[in-house]
$ cat start-v3.txt   # compact mmCIF, C-alpha atoms and all ligand atoms
# COMPACT_ATOMS: atom_id res chain seq x y z
CA MET A 1 -2.21 77.26 -24.45
CA SER A 2 -3.43 73.69 -24.58
CA LYS A 3 -2.37 71.20 -21.93
CA ASN A 4 -0.38 68.23 -23.16
CA TYR A 5 -0.42 64.83 -21.49
CA LYS A 6 1.79 61.87 -22.29
CA ILE A 7 -0.12 58.59 -22.14
CA THR A 8 1.34 55.12 -22.51
CA LEU A 9 -1.17 52.77 -24.13
CA LEU A 10 -0.96 49.06 -23.31
CA PRO A 11 -3.53 47.25 -25.51
CA GLY A 12 -2.33 43.75 -24.53
CA ASP A 13 -4.19 40.64 -25.66
CA GLY A 14 -7.60 39.30 -26.65
CA ILE A 15 -10.18 42.08 -26.95
CA GLY A 16 -7.57 44.58 -25.65
CA PRO A 17 -6.62 46.12 -29.01
CA GLU A 18 -10.30 46.41 -30.08
CA ILE A 19 -11.46 48.26 -26.98
CA MET A 20 -8.30 50.39 -26.79
CA LYS A 21 -8.96 51.68 -30.31
CA VAL A 22 -12.37 52.94 -29.19
CA ALA A 23 -10.98 54.60 -26.04
CA VAL A 24 -8.25 56.39 -28.03
CA ALA A 25 -10.78 57.65 -30.59
CA VAL A 26 -12.94 58.96 -27.74
CA LEU A 27 -9.97 60.73 -26.11
CA GLN A 28 -9.02 62.27 -29.45
CA ALA A 29 -12.57 63.50 -29.98
CA ILE A 30 -12.77 65.02 -26.50
CA ALA A 31 -9.33 66.68 -26.54
CA PRO A 32 -10.02 69.77 -28.70
CA LYS A 33 -13.22 70.53 -26.80
CA PHE A 34 -11.23 71.00 -23.59
CA ASP A 35 -8.04 72.41 -25.12
CA LEU A 36 -6.08 69.24 -24.38
CA THR A 37 -3.53 67.37 -26.46
CA PHE A 38 -2.47 63.80 -25.88
CA ALA A 39 0.85 62.25 -26.88
CA PHE A 40 0.21 58.51 -27.11
CA GLU A 41 2.94 55.90 -26.98
CA THR A 42 1.90 52.29 -27.51
CA ALA A 43 3.92 49.59 -25.73
CA LEU A 44 3.87 45.80 -25.56
CA ILE A 45 2.52 43.87 -22.59
CA GLY A 46 1.28 40.36 -21.78
CA GLY A 47 1.09 37.62 -24.40
CA ALA A 48 1.77 40.11 -27.21
CA ALA A 49 5.02 41.06 -25.46
CA ILE A 50 5.94 37.41 -24.88
CA ASP A 51 5.52 36.71 -28.59
CA ALA A 52 7.63 39.72 -29.60
CA THR A 53 10.31 39.75 -26.89
CA GLY A 54 10.01 36.57 -24.81
CA HIS A 55 8.99 38.54 -21.71
CA PRO A 56 5.50 39.67 -20.55
CA LEU A 57 6.74 43.06 -19.31
CA PRO A 58 9.74 44.25 -21.33
CA ASP A 59 11.94 46.91 -19.70
CA GLU A 60 11.07 49.43 -22.43
CA THR A 61 7.39 49.06 -21.52
CA LEU A 62 7.97 49.70 -17.83
CA GLN A 63 10.22 52.67 -18.65
CA SER A 64 7.63 54.16 -21.00
CA CYS A 65 4.97 53.79 -18.28
CA LYS A 66 7.16 55.42 -15.65
CA ASN A 67 7.97 58.31 -17.99
CA SER A 68 4.38 59.09 -18.85
CA ASP A 69 1.70 61.13 -17.10
CA ALA A 70 -0.63 58.12 -17.00
CA VAL A 71 -1.01 54.61 -18.38
CA LEU A 72 -4.12 53.30 -20.10
CA LEU A 73 -4.13 49.50 -20.01
CA ALA A 74 -6.60 47.09 -21.62
CA ALA A 75 -6.08 43.43 -20.61
CA VAL A 76 -3.64 40.55 -20.92
CA GLY A 77 -3.79 36.78 -21.13
CA GLY A 78 -5.12 33.93 -23.23
CA ASP A 79 -5.03 30.17 -23.72
CA LYS A 80 -1.99 30.44 -25.97
CA TRP A 81 0.26 31.39 -23.04
CA ASP A 82 -1.41 29.32 -20.30
CA SER A 83 1.21 26.59 -20.48
CA MET A 84 4.13 29.00 -20.00
CA PRO A 85 6.11 28.72 -16.75
CA SER A 86 4.45 30.90 -14.12
CA HIS A 87 7.11 33.66 -14.14
CA LEU A 88 6.57 34.07 -17.90
CA ARG A 89 2.75 34.11 -17.90
CA PRO A 90 1.04 37.26 -19.24
CA GLU A 91 -0.51 37.95 -15.83
CA GLN A 92 3.01 38.40 -14.41
CA ALA A 93 3.13 41.62 -16.41
CA LEU A 94 0.34 43.05 -14.26
CA LEU A 95 2.14 42.14 -11.05
CA GLY A 96 5.38 43.56 -12.49
CA LEU A 97 3.66 46.80 -13.49
CA ARG A 98 2.02 47.19 -10.09
CA GLY A 99 5.27 46.44 -8.29
CA GLY A 100 7.49 48.44 -10.68
CA MET A 101 5.29 51.54 -10.53
CA GLU A 102 4.51 51.07 -6.82
CA LEU A 103 0.78 51.07 -7.48
CA PHE A 104 -0.33 50.11 -4.02
CA ALA A 105 -3.96 51.25 -4.21
CA ASN A 106 -6.58 49.88 -6.56
CA LEU A 107 -9.87 51.77 -6.76
CA ARG A 108 -12.74 49.86 -8.30
CA PRO A 109 -16.08 51.61 -8.42
CA ALA A 110 -19.16 49.43 -8.83
CA GLN A 111 -22.02 51.74 -9.58
CA ILE A 112 -25.22 50.58 -11.17
CA LEU A 113 -26.31 52.75 -14.09
CA PRO A 114 -30.09 53.25 -14.12
CA GLN A 115 -30.26 52.14 -17.78
CA LEU A 116 -28.68 48.78 -16.92
CA ILE A 117 -30.56 47.73 -13.78
CA ASP A 118 -32.28 44.95 -15.69
CA ALA A 119 -28.92 43.58 -16.88
CA SER A 120 -28.13 42.61 -13.28
CA THR A 121 -28.89 39.05 -12.28
CA LEU A 122 -30.17 40.37 -8.95
CA LYS A 123 -33.59 41.89 -8.28
CA ARG A 124 -34.12 45.57 -9.12
CA GLU A 125 -34.89 46.47 -5.48
CA VAL A 126 -31.57 44.92 -4.37
CA VAL A 127 -29.31 46.69 -6.87
CA GLU A 128 -31.05 49.99 -7.59
CA GLY A 129 -28.84 52.78 -6.24
CA VAL A 130 -25.80 50.59 -5.57
CA ASP A 131 -22.64 52.73 -5.48
CA ILE A 132 -19.65 50.93 -3.97
CA LEU A 133 -15.95 51.75 -4.15
CA VAL A 134 -13.66 48.81 -3.44
CA VAL A 135 -10.25 50.04 -2.27
CA ARG A 136 -7.93 47.08 -2.64
CA GLU A 137 -4.30 46.87 -1.50
CA LEU A 138 -2.34 45.94 -4.60
CA THR A 139 1.36 45.39 -3.96
CA GLY A 140 1.40 43.31 -0.79
CA GLY A 141 -0.31 40.31 0.71
CA ILE A 142 -0.30 36.77 -0.56
CA TYR A 143 0.35 37.61 -4.23
CA PHE A 144 3.79 38.99 -3.38
CA GLY A 145 4.59 37.35 -0.02
CA LYS A 146 7.65 35.15 0.37
CA PRO A 147 8.47 32.33 0.82
CA LYS A 148 6.39 30.79 -1.92
CA GLY A 149 6.77 27.89 -4.29
CA ILE A 150 6.19 24.20 -4.91
CA VAL A 151 8.66 21.80 -3.32
CA ALA A 152 8.88 18.03 -3.02
CA ASP A 153 9.76 16.16 0.17
CA GLU A 154 12.08 13.15 0.30
CA ASN A 155 9.18 10.87 -0.71
CA GLY A 156 8.42 12.98 -3.76
CA VAL A 157 5.20 14.39 -2.24
CA ARG A 158 4.87 17.95 -3.47
CA ARG A 159 3.78 20.93 -1.36
CA GLY A 160 2.60 24.28 -2.72
CA PHE A 161 2.67 27.35 -0.51
CA ASN A 162 2.34 31.13 -0.46
CA THR A 163 2.71 33.64 2.32
CA MET A 164 0.13 36.26 3.28
CA VAL A 165 2.10 39.10 4.80
CA TYR A 166 1.50 42.79 5.55
CA THR A 167 3.71 45.31 7.30
CA GLU A 168 2.27 48.15 9.39
CA PRO A 169 3.28 50.86 6.85
CA GLU A 170 1.64 48.89 4.03
CA ILE A 171 -1.63 48.69 5.97
CA ASP A 172 -1.46 52.31 7.10
CA ARG A 173 -1.02 53.79 3.61
CA ILE A 174 -3.88 51.83 2.02
CA ALA A 175 -6.11 52.60 5.02
CA LYS A 176 -5.48 56.32 4.44
CA VAL A 177 -6.52 55.96 0.78
CA GLY A 178 -9.73 54.25 1.92
CA PHE A 179 -10.60 56.91 4.52
CA GLU A 180 -9.79 59.77 2.14
CA ALA A 181 -11.96 58.21 -0.57
CA ALA A 182 -14.81 57.88 1.95
CA GLN A 183 -14.49 61.56 2.86
CA LYS A 184 -15.20 62.42 -0.79
CA ARG A 185 -18.15 59.99 -0.87
CA ARG A 186 -20.68 59.03 1.81
CA GLY A 187 -18.28 58.87 4.76
CA SER A 188 -18.32 55.16 5.53
CA VAL A 189 -15.61 52.48 5.40
CA VAL A 190 -16.13 48.76 5.90
CA SER A 191 -12.75 47.10 6.40
CA VAL A 192 -12.84 43.46 5.32
CA ASP A 193 -10.49 40.88 6.84
CA LYS A 194 -10.36 37.37 8.29
CA SER A 195 -9.07 38.30 11.73
CA ASN A 196 -10.91 35.43 13.41
CA VAL A 197 -8.44 33.05 11.72
CA LEU A 198 -5.44 34.94 10.30
CA ASP A 199 -2.75 36.74 12.31
CA VAL A 200 -2.03 39.00 9.35
CA SER A 201 -5.68 40.09 9.48
CA GLN A 202 -5.44 40.83 13.20
CA LEU A 203 -2.65 43.30 12.46
CA TRP A 204 -4.72 44.67 9.56
CA ARG A 205 -7.71 45.31 11.84
CA GLU A 206 -5.56 46.86 14.57
CA ARG A 207 -3.84 49.31 12.18
CA VAL A 208 -7.01 50.27 10.29
CA THR A 209 -8.68 51.03 13.63
CA ALA A 210 -5.67 53.12 14.71
CA ILE A 211 -5.59 55.12 11.45
CA SER A 212 -9.34 55.75 11.68
CA SER A 213 -8.77 58.10 14.63
CA ASP A 214 -7.31 60.60 12.10
CA TYR A 215 -10.63 60.55 10.23
CA PRO A 216 -13.33 61.25 12.84
CA ASP A 217 -15.78 62.20 10.09
CA VAL A 218 -15.63 58.67 8.60
CA LYS A 219 -17.59 55.81 10.14
CA LEU A 220 -15.50 52.62 10.31
CA SER A 221 -16.81 49.10 10.74
CA HIS A 222 -15.17 45.69 10.26
CA MET A 223 -16.49 42.61 8.51
CA TYR A 224 -15.11 39.10 7.96
CA VAL A 225 -14.55 38.32 4.31
CA ASP A 226 -17.01 35.41 4.24
CA ASN A 227 -19.77 37.63 5.64
CA ALA A 228 -18.81 40.48 3.30
CA THR A 229 -19.19 38.17 0.29
CA MET A 230 -22.67 37.28 1.49
CA GLN A 231 -23.63 40.89 2.27
CA ILE A 232 -22.54 42.11 -1.18
CA ILE A 233 -25.11 39.80 -2.71
CA ARG A 234 -27.79 40.18 0.00
CA ASN A 235 -27.77 43.93 0.66
CA PRO A 236 -25.12 45.76 -1.41
CA LYS A 237 -26.59 49.19 -0.70
CA GLN A 238 -25.15 49.08 2.84
CA PHE A 239 -21.63 49.63 1.44
CA ASP A 240 -19.89 52.88 0.57
CA VAL A 241 -16.12 52.16 0.65
CA ILE A 242 -14.90 48.59 1.12
CA LEU A 243 -11.27 48.62 2.27
CA THR A 244 -9.44 45.33 1.93
CA SER A 245 -6.28 43.40 1.17
CA ASN A 246 -5.00 42.15 -2.17
CA LEU A 247 -6.53 38.65 -2.27
CA PHE A 248 -9.87 39.53 -0.66
CA GLY A 249 -10.15 42.65 -2.84
CA ASP A 250 -9.52 40.65 -5.99
CA ILE A 251 -12.50 38.43 -5.22
CA LEU A 252 -14.86 40.99 -3.67
CA SER A 253 -14.38 43.53 -6.44
CA ASP A 254 -15.42 40.95 -9.03
CA ALA A 255 -18.49 40.07 -6.95
CA ALA A 256 -19.34 43.78 -6.64
CA ALA A 257 -18.73 44.13 -10.37
CA MET A 258 -21.39 41.59 -11.20
CA LEU A 259 -24.04 43.53 -9.26
CA THR A 260 -23.87 46.02 -12.07
CA GLY A 261 -24.83 43.49 -14.71
CA SER A 262 -21.72 43.40 -16.82
CA ILE A 263 -18.05 43.27 -16.16
CA GLY A 264 -17.77 45.06 -19.51
CA MET A 265 -18.90 48.33 -17.85
CA LEU A 266 -16.43 48.70 -15.01
CA PRO A 267 -13.32 50.90 -14.94
CA SER A 268 -10.59 50.94 -12.31
CA ALA A 269 -7.65 53.04 -11.22
CA SER A 270 -4.39 51.89 -9.68
CA LEU A 271 -2.56 54.66 -7.90
CA GLY A 272 0.85 55.04 -6.31
CA VAL A 273 2.38 57.81 -4.27
CA ALA A 274 1.19 61.35 -5.02
CA GLY A 275 2.53 62.68 -8.32
CA ALA A 276 3.53 59.29 -9.77
CA PRO A 277 1.68 58.04 -12.88
CA GLY A 278 -1.32 55.78 -12.26
CA VAL A 279 -2.64 52.93 -14.37
CA PHE A 280 -6.24 53.01 -15.59
CA GLU A 281 -7.82 49.81 -16.85
CA PRO A 282 -11.08 47.91 -17.12
CA VAL A 283 -11.84 45.37 -14.41
CA HIS A 284 -12.43 42.61 -16.95
CA GLY A 285 -9.84 40.37 -18.58
CA SER A 286 -8.90 39.80 -22.20
CA ALA A 287 -12.11 37.83 -22.96
CA PRO A 288 -10.43 35.42 -25.42
CA ASP A 289 -13.82 33.80 -26.11
CA ILE A 290 -15.02 36.90 -27.98
CA ALA A 291 -11.69 38.37 -29.17
CA GLY A 292 -11.51 39.46 -32.80
CA LYS A 293 -15.28 39.01 -33.29
CA ASP A 294 -16.33 42.64 -32.83
CA LEU A 295 -18.43 41.60 -29.82
CA ALA A 296 -16.56 43.32 -26.99
CA ASN A 297 -18.11 46.05 -24.89
CA PRO A 298 -15.64 48.97 -25.02
CA LEU A 299 -17.38 51.02 -22.30
CA ALA A 300 -15.24 49.88 -19.34
CA GLN A 301 -12.16 50.89 -21.33
CA VAL A 302 -13.73 54.23 -22.26
CA LEU A 303 -14.79 54.84 -18.64
CA SER A 304 -11.22 53.98 -17.57
CA ALA A 305 -10.04 56.77 -19.86
CA ALA A 306 -12.54 59.08 -18.13
CA MET A 307 -11.19 58.00 -14.72
CA MET A 308 -7.69 58.79 -16.02
CA LEU A 309 -8.76 62.31 -16.98
CA ARG A 310 -10.33 62.84 -13.56
CA TYR A 311 -7.78 61.23 -11.20
CA ALA A 312 -4.49 61.62 -13.11
CA PHE A 313 -4.99 64.94 -14.91
CA ASN A 314 -7.63 66.65 -12.79
CA GLU A 315 -9.64 67.25 -15.97
CA GLY A 316 -13.04 66.63 -14.39
CA ALA A 317 -15.04 68.42 -17.10
CA ALA A 318 -13.50 66.28 -19.86
CA ALA A 319 -14.19 63.14 -17.78
CA ASP A 320 -17.80 64.27 -17.30
CA ALA A 321 -18.13 64.73 -21.06
CA ILE A 322 -17.04 61.15 -21.71
CA GLU A 323 -19.35 59.78 -19.01
CA SER A 324 -22.27 61.78 -20.34
CA ALA A 325 -21.60 60.44 -23.88
CA VAL A 326 -21.76 56.91 -22.45
CA ASN A 327 -25.05 57.74 -20.72
CA LYS A 328 -26.46 59.30 -23.87
CA VAL A 329 -25.65 56.21 -25.93
CA LEU A 330 -27.22 53.92 -23.31
CA ASP A 331 -30.27 56.20 -23.02
CA SER A 332 -30.76 55.83 -26.76
CA GLY A 333 -31.08 52.06 -26.28
CA LYS A 334 -27.79 51.07 -27.90
CA ARG A 335 -26.16 48.03 -26.28
CA THR A 336 -23.38 45.52 -26.86
CA GLY A 337 -24.33 41.85 -26.47
CA ASP A 338 -23.22 41.53 -22.82
CA ILE A 339 -25.68 44.24 -21.69
CA MET A 340 -28.39 43.59 -24.27
CA ALA A 341 -32.01 43.98 -23.12
CA ASP A 342 -35.44 43.66 -24.77
CA GLY A 343 -36.23 46.50 -27.16
CA CYS A 344 -32.62 47.67 -27.40
CA GLU A 345 -30.43 47.89 -30.50
CA LYS A 346 -27.49 45.47 -30.50
CA LEU A 347 -24.15 46.89 -31.61
CA GLY A 348 -20.66 45.50 -32.01
CA CYS A 349 -17.55 47.08 -30.51
CA ILE A 350 -16.83 49.25 -33.57
CA ALA A 351 -20.40 50.52 -33.89
CA MET A 352 -20.51 51.29 -30.16
CA GLY A 353 -17.36 53.39 -30.66
CA GLU A 354 -19.02 55.24 -33.55
CA ALA A 355 -22.12 55.87 -31.43
CA LEU A 356 -19.93 57.37 -28.69
CA LEU A 357 -18.18 59.67 -31.18
CA ALA A 358 -21.55 60.80 -32.50
CA ALA A 359 -22.70 61.49 -28.92
CA ILE A 360 -19.57 63.55 -28.25
P1 LIG A 401 -12.61 37.83 -18.61
O1 LIG A 401 -12.96 39.05 -17.84
O2 LIG A 401 -11.65 37.99 -19.72
O3 LIG A 401 -13.96 37.18 -19.21
C1 LIG A 401 -15.02 36.72 -18.38
C2 LIG A 401 -16.32 36.71 -19.20
O4 LIG A 401 -16.76 38.06 -19.38
C3 LIG A 401 -16.15 36.14 -20.59
O5 LIG A 401 -17.31 35.45 -20.94
C4 LIG A 401 -15.99 37.35 -21.48
O6 LIG A 401 -16.42 37.18 -22.81
C5 LIG A 401 -16.84 38.39 -20.76
N1 LIG A 401 -16.30 39.74 -20.96
C6 LIG A 401 -15.20 40.26 -20.36
N2 LIG A 401 -14.98 41.50 -20.80
C7 LIG A 401 -15.97 41.78 -21.68
C8 LIG A 401 -16.27 42.91 -22.48
N3 LIG A 401 -15.54 44.04 -22.47
N4 LIG A 401 -17.35 42.85 -23.29
C9 LIG A 401 -18.12 41.75 -23.33
N5 LIG A 401 -17.88 40.65 -22.58
C10 LIG A 401 -16.81 40.65 -21.77
O7 LIG A 401 -12.09 36.76 -17.55
P2 LIG A 401 -11.51 35.27 -17.78
O8 LIG A 401 -12.28 34.60 -18.87
O9 LIG A 401 -11.45 34.68 -16.44
O10 LIG A 401 -10.02 35.48 -18.26
C11 LIG A 401 -9.61 35.50 -19.64
C12 LIG A 401 -8.13 35.90 -19.69
O11 LIG A 401 -7.98 37.23 -19.17
C13 LIG A 401 -7.24 34.98 -18.84
O12 LIG A 401 -6.04 34.78 -19.51
C14 LIG A 401 -7.04 35.80 -17.57
O13 LIG A 401 -5.85 35.48 -16.91
C15 LIG A 401 -7.01 37.19 -18.12
N6 LIG A 401 -7.37 38.28 -17.19
C16 LIG A 401 -6.70 39.44 -17.33
C17 LIG A 401 -7.04 40.51 -16.54
C18 LIG A 401 -6.33 41.80 -16.78
O14 LIG A 401 -5.64 41.94 -17.77
N7 LIG A 401 -6.48 42.77 -15.91
C19 LIG A 401 -8.06 40.41 -15.60
C20 LIG A 401 -8.74 39.19 -15.49
C21 LIG A 401 -8.40 38.12 -16.30
$ encode --input "start-v3.txt" --output "structure tokens"
Amino acid sequence: MSKNYKITLLPGDGIGPEIMKVAVAVLQAIAPKFDLTFAFETALIGGAAIDATGHPLPDETLQSCKNSDAVLLAAVGGDKWDSMPSHLRPEQALLGLRGGMELFANLRPAQILPQLIDASTLKREVVEGVDILVVRELTGGIYFGKPKGIVADENGVRRGFNTMVYTEPEIDRIAKVGFEAAQKRRGSVVSVDKSNVLDVSQLWRERVTAISSDYPDVKLSHMYVDNATMQIIRNPKQFDVILTSNLFGDILSDAAAMLTGSIGMLPSASLGVAGAPGVFEPVHGSAPDIAGKDLANPLAQVLSAAMMLRYAFNEGAAADAIESAVNKVLDSGKRTGDIMADGCEKLGCIAMGEALLAAI
């Protein structure tokens, strides 16, 4: 009997609907080969949801996500909604989803594919073989800390402020995710903080060190975030797992992403407690500059679908099949504009999707 999985699709804004279409077609093509069936439910998020309902994350969307086996998200945001009050901006939907589904761990692999080494802005010898996993805490820290706001004093001078805060249990649970990921990889964790300046980072470092004693097979080291930023550019091959907080992870994962040449290639997974549905999405945003022009690279979205098969459904063989189709298409010299190289054939988003289906 075939296995059936319920997937909530959140296409969102900008290039979201274009790349989601490709990922769904790929999933549908893979399904019969592995005796799988997928029940897709599409829900509104971001600017599209604001336009339809006045809210970036309608209750029905969150409910659909919670009731599914996994969520495949594209991206949200765009100029049209930039002037909205901050609690009604599309990006609030992402925070609401992460908070509402308790997705406290964000896994962002940054692995350079051999076919794309020359798409990196860094030298071949620096990036060849790079394989980093950034494990970022996702529901705590400065993005959620209170108090926060903008207030005016009696002279009308305004003050903006946020609070960077972590509790011991929040640090402990993300540290465990980092160590467990390292056990499945090359056994090394670099924990990134700013403990020379921030009290919250001192607690972070103390707890990560304490939790490390449960993982004697994993080598732990610590690095300040300013140095880590430099090291990612200077010698990225030194990293296996980078374990870090919400704000630092947001920045470092984008820096790591660019080592690989294109943000259009990178998937990510956001996971909660065991058994709860995770959210799988590309690292990139809604790319409003190229939306609707058939220029988007759908591969990060497709690779996010592969991550979903592997991490949410334990369907490793089906995930492998998608990843090998991506490799096959790249081996044949087909490229979207963002990863274009001399001698390659330039394709739009739709044609790249067709090439993937042919490879499957
Ligand atoms: P972005 O990732 O959307 O775009 C950055 C650059 O990369 C652009 O030049 C874009 O054309 C290019 N790019 C991104 N994805 C691509 C793809 N698949 N194929 C080809 N090129 C691609 O980041 P931004 O410009 O800073 O943000 C645009 C909007 O997206 C903003 O509203 C922002 O808030 C939002 N955003 C959303 C998410 C998300 O939904 N997870 C993440 C980041 C930014």
$ atom_distance --input "start-v3.txt" --atom1 "CA of Leu252 (chain A)" --atom2 "CA of Cys65 (chain A)"
27.8 Å
$ residues_near_ligand --input "start-v3.txt" --ligand "ligand LIG 401 (chain A)" --cutoff "9 Å" --atoms "only C-alpha atoms and all ligand atoms" --output "PyMOL selection string"
chain A and resi 12-16+19+46+73-82+89-91+93-94+262-266+281-291+295-301+336-339+349
$ closest_residue --input "start-v3.txt" --among "A:Gln115, A:Gly149, A:Ala105, A:Asp193" --to "Val329 (chain A)" --atoms "all atoms listed in the file"
A:Gln115
$ atom_distance --input "start-v3.txt" --atom1 "CA of Ala210 (chain A)" --atom2 "CA of Ala175 (chain A)"
9.7 Å
$ atom_distance --input "start-v3.txt" --atom1 "CA of Leu10 (chain A)" --atom2 "CA of Val177 (chain A)"
25.7 Å
$ closest_residue --input "start-v3.txt" --among "A:Gly47, A:Ser2, A:Ile150, A:Pro216" --to "Pro32 (chain A)" --atoms "all atoms listed in the file"
A:Ser2
$ closest_residue --input "start-v3.txt" --among "A:Leu113, A:Ala305, A:Gly100, A:Leu88" --to "Gln28 (chain A)" --atoms "only C-alpha atoms"
A:Ala305
$ build_atoms --input "start-v3.txt" --residues "region 122-129 of chain A" --atoms "all heavy atoms" --output "compact mmCIF listing (two decimals), keeping the file's coordinate frame"
# COMPACT_ATOMS: atom_id res chain seq x y z
N LEU A 122 -29.44 40.21 -10.21
CA LEU A 122 -30.17 40.37 -8.95
C LEU A 122 -31.42 41.23 -9.17
O LEU A 122 -31.55 41.92 -10.16
CB LEU A 122 -29.27 41.02 -7.91
CG LEU A 122 -28.00 40.24 -7.52
CD1 LEU A 122 -27.35 40.86 -6.30
CD2 LEU A 122 -28.31 38.78 -7.24
N LYS A 123 -32.32 41.16 -8.17
CA LYS A 123 -33.59 41.89 -8.28
C LYS A 123 -33.34 43.40 -8.28
O LYS A 123 -32.44 43.89 -7.59
CB LYS A 123 -34.47 41.56 -7.07
CG LYS A 123 -35.01 40.16 -7.09
CD LYS A 123 -35.99 40.00 -5.92
CE LYS A 123 -36.31 38.56 -5.68
NZ LYS A 123 -36.16 38.17 -4.28
N ARG A 124 -34.20 44.11 -9.02
CA ARG A 124 -34.12 45.57 -9.12
C ARG A 124 -34.01 46.23 -7.74
O ARG A 124 -33.17 47.09 -7.51
CB ARG A 124 -35.36 46.07 -9.88
CG ARG A 124 -35.54 47.56 -9.90
CD ARG A 124 -36.74 47.93 -10.74
NE ARG A 124 -36.39 47.94 -12.15
CZ ARG A 124 -35.97 49.01 -12.82
NH1 ARG A 124 -35.86 50.17 -12.20
NH2 ARG A 124 -35.67 48.95 -14.09
N GLU A 125 -34.88 45.79 -6.80
CA GLU A 125 -34.89 46.47 -5.48
C GLU A 125 -33.59 46.23 -4.71
O GLU A 125 -33.23 47.00 -3.82
CB GLU A 125 -36.11 46.07 -4.65
CG GLU A 125 -36.27 44.59 -4.34
CD GLU A 125 -37.13 43.85 -5.37
OE1 GLU A 125 -37.13 44.26 -6.55
OE2 GLU A 125 -37.77 42.84 -5.01
N VAL A 126 -32.85 45.18 -5.05
CA VAL A 126 -31.57 44.92 -4.37
C VAL A 126 -30.47 45.81 -4.94
O VAL A 126 -29.65 46.36 -4.20
CB VAL A 126 -31.16 43.43 -4.50
CG1 VAL A 126 -29.77 43.17 -3.92
CG2 VAL A 126 -32.19 42.53 -3.81
N VAL A 127 -30.46 46.00 -6.26
CA VAL A 127 -29.31 46.69 -6.87
C VAL A 127 -29.54 48.17 -7.19
O VAL A 127 -28.57 48.91 -7.37
CB VAL A 127 -28.84 45.97 -8.16
CG1 VAL A 127 -28.26 44.62 -7.84
CG2 VAL A 127 -29.94 45.87 -9.20
N GLU A 128 -30.79 48.60 -7.23
CA GLU A 128 -31.05 49.99 -7.59
C GLU A 128 -30.34 50.93 -6.59
O GLU A 128 -30.53 50.81 -5.39
CB GLU A 128 -32.58 50.24 -7.56
CG GLU A 128 -32.97 51.52 -8.26
CD GLU A 128 -34.45 51.53 -8.63
OE1 GLU A 128 -35.26 50.90 -7.91
OE2 GLU A 128 -34.79 52.17 -9.64
N GLY A 129 -29.55 51.83 -7.11
CA GLY A 129 -28.84 52.78 -6.24
C GLY A 129 -27.51 52.29 -5.70
O GLY A 129 -26.84 53.01 -4.96
